[in-house]
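Text of the file work22.tsv, holding TSV, C-alpha atoms:
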```tsv
chain	number	residue	atom	x	y	z
A	1	MET	CA	-83.33	3.31	26.42
A	2	LEU	CA	-81.54	4.46	23.28
A	3	LEU	CA	-79.26	6.63	25.36
A	4	ALA	CA	-78.32	3.69	27.51
A	5	ILE	CA	-77.45	1.55	24.47
A	6	ILE	CA	-75.28	4.32	23.03
A	7	ALA	CA	-73.48	4.72	26.36
A	8	ILE	CA	-72.83	0.97	26.56
A	9	GLY	CA	-71.54	1.03	22.97
A	10	VAL	CA	-69.16	3.86	23.76
A	11	VAL	CA	-67.84	2.01	26.79
A	12	ILE	CA	-67.33	-1.19	24.76
A	13	VAL	CA	-65.50	0.70	22.01
A	14	ALA	CA	-63.32	2.47	24.57
A	15	LEU	CA	-62.40	-0.82	26.24
A	16	LEU	CA	-61.70	-2.52	22.95
A	17	TRP	CA	-59.65	0.45	21.76
A	18	ASP	CA	-57.32	0.08	24.72
A	19	LEU	CA	-56.91	-3.59	23.92
A	20	VAL	CA	-56.49	-3.24	20.17
A	21	LEU	CA	-54.47	-0.04	20.00
A	22	PRO	CA	-51.02	-1.52	20.91
A	23	SER	CA	-51.26	-4.31	18.35
A	24	VAL	CA	-52.46	-1.83	15.70
A	25	LYS	CA	-49.50	0.43	16.46
A	26	THR	CA	-47.10	-2.50	16.23
A	27	ALA	CA	-48.56	-3.63	12.91
A	28	VAL	CA	-48.29	-0.11	11.47
A	29	ALA	CA	-44.69	0.22	12.67
A	30	ARG	CA	-43.77	-3.12	11.10
A	31	HIS	CA	-45.43	-2.15	7.87
A	32	ARG	CA	-43.51	1.13	7.78
A	33	ALA	CA	-40.27	-0.61	8.62
A	34	ARG	CA	-40.76	-3.04	5.74
A	35	ARG	CA	-41.50	-0.23	3.33
A	36	ALA	CA	-38.79	2.13	4.56
A	37	ILE	CA	-35.88	2.91	2.24
A	38	ILE	CA	-32.73	1.99	4.13
A	39	PRO	CA	-29.85	4.35	3.38
A	40	GLY	CA	-27.36	2.18	1.51
A	41	ALA	CA	-24.21	1.23	3.32
A	42	SER	CA	-21.34	2.62	1.24
A	43	TYR	CA	-19.64	-0.75	0.84
A	44	ASP	CA	-18.75	-1.37	-2.77
A	45	PRO	CA	-17.42	-4.87	-3.42
A	46	GLY	CA	-15.61	-3.71	-6.56
A	47	ARG	CA	-13.77	-0.86	-4.92
A	48	GLU	CA	-10.87	-2.88	-3.58
A	49	ARG	CA	-10.39	-4.53	-6.95
A	50	ARG	CA	-10.39	-1.20	-8.79
A	51	ALA	CA	-8.02	0.26	-6.22
A	52	GLU	CA	-5.64	-2.64	-6.74
A	53	GLN	CA	-5.83	-2.23	-10.53
A	54	ARG	CA	-4.90	1.44	-10.18
A	55	ALA	CA	-2.12	0.60	-7.78
A	56	ARG	CA	-0.69	-2.02	-10.17
A	57	GLN	CA	-0.57	0.51	-12.98
A	58	LEU	CA	1.22	3.01	-10.77
A	59	LEU	CA	3.70	0.37	-9.62
A	60	LYS	CA	4.37	-0.69	-13.20
A	61	SER	CA	5.05	2.90	-14.19
A	62	CYS	CA	7.60	3.39	-11.41
A	63	VAL	CA	9.71	0.22	-11.13
A	64	ASN	CA	12.12	-1.39	-13.59
A	65	ASP	CA	10.74	-3.79	-16.19
A	66	GLU	CA	12.51	-6.66	-14.48
A	67	GLU	CA	10.98	-5.76	-11.13
A	68	TRP	CA	7.54	-5.41	-12.62
A	69	GLY	CA	7.83	-8.81	-14.29
A	70	MET	CA	9.00	-10.29	-11.00
A	71	TYR	CA	6.00	-8.90	-9.14
A	72	ARG	CA	3.55	-9.89	-11.86
A	73	ASP	CA	4.88	-13.45	-12.10
A	74	LEU	CA	6.10	-14.20	-8.59
A	75	GLY	CA	4.21	-11.79	-6.32
A	76	PHE	CA	7.24	-10.07	-4.80
A	77	ILE	CA	10.09	-7.74	-5.78
A	78	ARG	CA	13.78	-8.10	-5.02
A	79	VAL	CA	15.65	-4.90	-4.26
A	80	TRP	CA	19.41	-4.89	-3.88
A	81	GLY	CA	20.76	-3.41	-0.68
A	82	ALA	CA	22.64	-0.18	-1.23
A	83	MET	CA	24.30	0.40	2.12
A	84	ALA	CA	28.03	-0.15	2.23
A	85	ARG	CA	27.73	-2.95	4.74
A	86	ALA	CA	25.17	-5.66	5.06
A	87	PRO	CA	22.53	-5.12	7.73
A	88	ARG	CA	23.74	-5.97	11.20
A	89	ARG	CA	23.18	-9.55	12.24
A	90	GLY	CA	22.89	-10.42	15.89
A	91	ARG	CA	25.15	-13.47	15.90
A	92	LEU	CA	27.81	-12.19	13.52
A	93	GLY	CA	30.70	-9.98	14.53
A	94	SER	CA	32.11	-7.24	12.34
A	95	ASP	CA	35.05	-9.51	11.45
A	96	ASP	CA	32.74	-12.14	10.03
A	97	PRO	CA	33.50	-12.54	6.31
A	98	ARG	CA	29.80	-12.40	5.48
A	99	ALA	CA	29.47	-8.91	6.97
A	100	GLY	CA	29.50	-6.46	4.10
A	101	ALA	CA	28.63	-9.06	1.49
A	102	PRO	CA	26.08	-8.02	-1.13
A	103	TYR	CA	22.60	-8.37	0.23
A	104	ALA	CA	19.11	-7.89	-1.00
A	105	TYR	CA	15.54	-7.54	0.17
A	106	LEU	CA	12.35	-9.28	-0.82
A	107	ILE	CA	9.33	-7.02	-0.77
A	108	TYR	CA	5.99	-8.74	-0.24
A	109	PRO	CA	2.65	-6.94	-0.04
A	110	HIS	CA	1.59	-6.39	3.56
A	111	LYS	CA	4.31	-8.62	4.93
A	112	PRO	CA	7.68	-7.81	6.45
A	113	ILE	CA	10.61	-7.04	4.17
A	114	VAL	CA	13.01	-9.99	4.20
A	115	ALA	CA	16.75	-9.32	3.97
A	116	TYR	CA	18.97	-12.11	2.67
A	117	LEU	CA	22.33	-12.92	1.10
A	118	PRO	CA	21.79	-13.84	-2.55
A	119	GLN	CA	25.00	-15.86	-2.83
A	120	THR	CA	24.17	-18.24	-0.01
A	121	ARG	CA	20.41	-17.63	0.24
A	122	GLU	CA	20.92	-17.10	3.93
A	123	LEU	CA	18.04	-15.19	5.48
A	124	LEU	CA	19.21	-12.26	7.58
A	125	ASN	CA	16.27	-10.41	9.10
A	126	GLU	CA	12.65	-9.47	8.77
A	127	TYR	CA	11.86	-5.78	8.79
A	128	CYS	CA	8.29	-5.18	9.86
A	129	VAL	CA	7.04	-1.92	8.42
A	130	GLU	CA	3.62	-0.51	7.63
A	131	PHE	CA	2.25	2.57	5.94
A	132	PRO	CA	-0.96	3.21	7.86
A	133	ASP	CA	-3.21	5.99	6.61
A	134	GLU	CA	-5.01	7.04	9.75
A	135	THR	CA	-7.54	9.09	7.82
A	136	ARG	CA	-9.09	5.70	6.83
A	137	PRO	CA	-10.96	7.14	3.85
A	138	TYR	CA	-12.93	3.92	3.29
A	139	GLY	CA	-12.73	2.47	6.76
A	140	SER	CA	-9.35	0.80	6.33
A	141	ALA	CA	-5.88	2.15	6.98
A	142	LEU	CA	-4.26	-0.36	4.62
A	143	LEU	CA	-3.05	0.63	1.17
A	144	PRO	CA	-3.84	-1.67	-1.76
A	145	ASP	CA	-1.29	-4.49	-2.11
A	146	SER	CA	0.60	-2.94	-5.01
A	147	ASP	CA	0.69	0.48	-3.34
A	148	ASP	CA	2.18	-1.15	-0.24
A	149	VAL	CA	4.86	-2.76	-2.41
A	150	LEU	CA	5.52	0.53	-4.21
A	151	ALA	CA	5.77	2.44	-0.92
A	152	LYS	CA	8.36	-0.05	0.31
A	153	TRP	CA	10.20	0.05	-2.99
A	154	MET	CA	10.35	3.87	-3.01
A	155	ALA	CA	11.41	4.05	0.60
A	156	LEU	CA	14.09	1.37	0.10
A	157	THR	CA	15.54	2.75	-3.11
A	158	GLY	CA	15.18	6.36	-1.96
A	159	ASP	CA	16.31	6.20	1.66
A	160	GLU	CA	17.11	2.67	2.72
A	161	ARG	CA	18.65	3.70	6.02
A	162	ARG	CA	15.61	5.66	7.13
A	163	LEU	CA	13.20	2.85	6.29
A	164	ILE	CA	15.29	0.19	7.96
A	165	SER	CA	15.74	2.31	11.08
A	166	THR	CA	11.97	2.88	11.22
A	167	ALA	CA	11.09	-0.79	10.85
A	168	ASN	CA	10.97	-3.29	13.67
A	169	MET	CA	13.69	-5.86	13.08
A	170	HIS	CA	13.13	-9.51	13.86
A	171	LEU	CA	14.94	-12.73	13.18
A	172	PRO	CA	13.79	-14.64	10.10
A	173	GLY	CA	10.69	-16.75	10.57
A	174	ARG	CA	8.70	-14.52	12.86
A	175	GLN	CA	6.03	-13.67	10.30
A	176	VAL	CA	7.25	-14.99	6.98
A	177	ASP	CA	7.82	-18.72	6.79
A	178	PRO	CA	11.52	-19.29	5.97
A	179	LYS	CA	10.57	-22.33	3.88
A	180	GLN	CA	8.32	-20.14	1.80
A	181	VAL	CA	11.09	-17.55	1.37
A	182	ARG	CA	13.60	-20.21	0.28
A	183	ARG	CA	11.03	-21.55	-2.15
A	184	ASP	CA	10.52	-18.01	-3.45
A	185	LEU	CA	14.28	-17.58	-3.87
A	186	TRP	CA	14.40	-20.80	-5.84
A	187	ARG	CA	11.47	-19.62	-7.98
A	188	LEU	CA	13.26	-16.32	-8.48
A	189	GLY	CA	16.36	-18.15	-9.70
A	190	GLN	CA	14.30	-20.18	-12.16
A	191	TRP	CA	12.48	-17.07	-13.30
A	192	GLU	CA	15.73	-15.18	-13.91
A	193	ARG	CA	17.21	-18.07	-15.90
A	194	GLU	CA	14.10	-18.24	-18.03
A	195	ARG	CA	14.16	-14.49	-18.52
A	196	LEU	CA	17.80	-14.56	-19.56
A	197	ARG	CA	17.07	-17.36	-22.01
A	198	ARG	CA	14.30	-15.32	-23.61
A	199	THR	CA	16.31	-12.11	-23.83
A	200	PRO	CA	17.46	-11.56	-27.41
A	201	GLN	CA	21.22	-11.81	-27.65
A	202	ALA	CA	23.52	-9.33	-29.29
A	203	PRO	CA	25.29	-10.58	-32.44
A	204	GLY	CA	28.36	-12.62	-31.57
A	205	GLU	CA	27.11	-13.64	-28.12
A	206	VAL	CA	26.69	-17.31	-27.32
A	207	ALA	CA	23.75	-18.63	-25.36
A	208	ALA	CA	24.52	-20.00	-21.94
A	209	PRO	CA	24.09	-23.77	-21.66
B	1	MET	CA	4.12	18.39	-12.30
B	2	LYS	CA	1.52	16.16	-10.69
B	3	PHE	CA	1.09	15.40	-7.03
B	4	LEU	CA	-0.37	11.95	-6.44
B	5	ARG	CA	-1.37	10.47	-3.13
B	6	MET	CA	-1.86	6.80	-2.33
B	7	LYS	CA	-5.15	6.12	-0.58
B	8	PRO	CA	-6.50	2.98	1.05
B	9	GLY	CA	-9.44	1.58	-0.87
B	10	HIS	CA	-8.81	3.80	-3.87
B	11	GLY	CA	-5.28	3.71	-5.22
B	12	GLU	CA	-3.61	6.93	-6.15
B	13	VAL	CA	-5.48	10.22	-6.26
B	14	LEU	CA	-4.42	13.30	-8.16
B	15	ILE	CA	-4.13	16.05	-5.57
B	16	VAL	CA	-2.90	18.93	-7.63
B	17	GLU	CA	-1.24	19.59	-10.95
B	18	GLY	CA	0.72	22.60	-12.08
B	19	ASP	CA	3.60	24.06	-14.05
B	20	VAL	CA	6.56	24.90	-11.81
B	21	GLU	CA	7.64	27.57	-14.27
B	22	LEU	CA	4.50	29.56	-13.52
B	23	ALA	CA	4.79	31.43	-10.23
B	24	GLU	CA	1.13	30.99	-9.36
B	25	ASP	CA	1.23	27.24	-9.97
B	26	GLU	CA	4.50	26.87	-8.10
B	27	GLU	CA	3.05	28.59	-5.07
B	28	LEU	CA	0.09	26.23	-5.17
B	29	LEU	CA	2.40	23.23	-5.42
B	30	ILE	CA	4.58	24.42	-2.54
B	31	GLU	CA	1.55	24.98	-0.37
B	32	GLU	CA	0.16	21.53	-1.14
B	33	PHE	CA	3.55	19.90	-0.64
B	34	ARG	CA	3.82	21.36	2.85
B	35	ARG	CA	0.25	20.42	3.65
B	36	GLN	CA	0.83	16.79	2.72
B	37	LEU	CA	3.99	16.60	4.82
B	38	ASP	CA	2.12	18.18	7.72
B	39	LEU	CA	-0.49	15.44	7.33
B	40	GLY	CA	2.25	12.92	7.93
B	41	MET	CA	2.99	11.88	4.37
B	42	TRP	CA	6.32	10.95	2.89
B	43	ALA	CA	7.07	12.22	-0.60
B	44	ALA	CA	9.00	10.42	-3.32
B	45	VAL	CA	9.93	11.26	-6.88
B	46	PRO	CA	10.28	8.27	-9.21
B	47	GLU	CA	13.26	8.82	-11.48
B	48	ARG	CA	15.70	7.13	-13.77
B	49	THR	CA	19.42	7.06	-12.98
B	50	SER	CA	22.10	7.83	-15.54
B	51	ALA	CA	22.63	4.06	-15.84
B	52	GLY	CA	18.99	3.63	-16.80
B	53	ARG	CA	17.86	2.08	-13.53
B	54	ARG	CA	14.66	3.28	-11.98
B	55	GLU	CA	14.62	4.30	-8.36
B	56	ALA	CA	12.96	6.82	-6.12
B	57	ARG	CA	14.23	9.98	-4.54
B	58	MET	CA	12.75	10.78	-1.15
B	59	VAL	CA	12.19	14.50	-0.75
B	60	LYS	CA	11.64	16.46	2.43
B	61	ALA	CA	11.45	19.93	0.95
B	62	PHE	CA	9.93	21.30	-2.24
B	63	GLU	CA	13.34	22.58	-3.34
B	64	GLU	CA	14.61	19.00	-3.44
B	65	ILE	CA	12.17	18.06	-6.19
B	66	PRO	CA	13.88	18.14	-9.59
B	67	ARG	CA	12.35	20.89	-11.71
B	68	ASP	CA	11.65	18.46	-14.52
B	69	ALA	CA	9.97	15.85	-12.32
B	70	GLU	CA	6.67	14.72	-13.76
B	71	ARG	CA	5.13	13.49	-10.55
B	72	VAL	CA	5.58	13.36	-6.83
B	73	ILE	CA	3.99	10.49	-4.97
B	74	PHE	CA	2.83	10.97	-1.40
B	75	PHE	CA	2.30	7.96	0.82
B	76	PRO	CA	1.73	7.47	4.54
B	77	ARG	CA	4.82	7.66	6.70
B	78	ALA	CA	6.36	4.30	7.56
B	79	ALA	CA	5.82	2.90	11.00
B	80	GLY	CA	7.28	-0.18	12.62
B	81	GLY	CA	4.91	-3.09	12.26
B	82	ALA	CA	4.20	-5.99	14.60
```

Write the structure described by the file as structure tokens, please.
Amino acid sequence: MLLAIIAIGVVIVALLWDLVLPSVKTAVARHRARRAIIPGASYDPGRERRAEQRARQLLKSCVNDEEWGMYRDLGFIRVWGAMARAPRRGRLGSDDPRAGAPYAYLIYPHKPIVAYLPQTRELLNEYCVEFPDETRPYGSALLPDSDDVLAKWMALTGDERRLISTANMHLPGRQVDPKQVRRDLWRLGQWERERLRRTPQAPGEVAAP
Amino acid sequence: MKFLRMKPGHGEVLIVEGDVELAEDEELLIEEFRRQLDLGMWAAVPERTSAGRREARMVKAFEEIPRDAERVIFFPRAAGGA
């Protein structure tokens, strides 16, 4: 009799075990998953900000005071063109009086370089150029904003022809809104006047009206 | 002379530093210069013109770097954008 009861008990336990085991395994797995230490993703929200701070310091140490002030206050840098002739313009022939006029570039971070004529504020071209670092040390190939500006500045002042021939040239307005550029040129004019006004004058000089 | 390299997500990184007047350091600098160019970097030396303007000199060979240059900045080679 006792043997029979034990046998029945064993059978009941075995049947129940089959029923209970999956849910026990699931509960244990969930418990472990909750307690597990997840290896931290290496994203650091402050990294980009620190990178930009470093880049700004490097930019400041390389460019002229005027250019640094321009970037700090206006968000772009103007660089004068150094080639003998102005960049080629599709609609203008070589006998056009504007060909060869002094020209300049506006350097924006991570935007095309905009060429224009300072005297008339006529926009000439957009030069789309990037400096992709394919090693992607932190998952991105993009330099910090100020490093991008400095790279363009160095390439333009150091070897304008090479940079311009590398870039993809487009008519104005493809990526940078011409209205925004004209507004920036107006702001630049205001900024330069204010800067001139603040500059201490040499003895004997008279302030401009 | 310091070699700096611009890096995404970091800003500039000091790669190597040395005195060009010391043969051992110069060799190290030359080796690193070539390595960076082989990695596809452009190299520029920030400098001041005789008129006082600041500009950069792009260099393609170690010999083109002025001996008194304080730093050379490496940055990824330009590519036409969209």

How far is it from atom CA of A:Glu194 to atom CA of A:Pro178, in Å with one decimal?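 It comes out at 24.2 Å.
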
Counting only C-alpha atoms, which residue out of B:Lys7, B:Lys2, B:Arg34, B:Arg77 sits closest to B:Pro46? B:Lys2

Point-to-point distance from atom CA of A:Tyr138 to atom CA of A:Arg47, Å rounded to tenths: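 Distance between the two atoms: 9.5 Å.
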
Check: which chain B residues lie within 12 Å of chain A using all atoms listed in the file, as an NGL selection string: :B and (4-13 or 39-49 or 52-60 or 70-82)

Counting only C-alpha atoms, what is within 9 Å of B:Val20, bar same-chain residues fewer than 5 positions away, as a PyMOL selection string? chain B and resi 1+25-27+29+67-68

Top pick for closest residue to B:Phe62, considering B:Ile30, B:Ile15, B:Ala23, B:Leu37 and counting only C-alpha atoms: B:Ile30

Between atom CA of A:Leu74 and atom CA of A:Trp186, distance in Å (one decimal):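 A separation of 11.0 Å between them.
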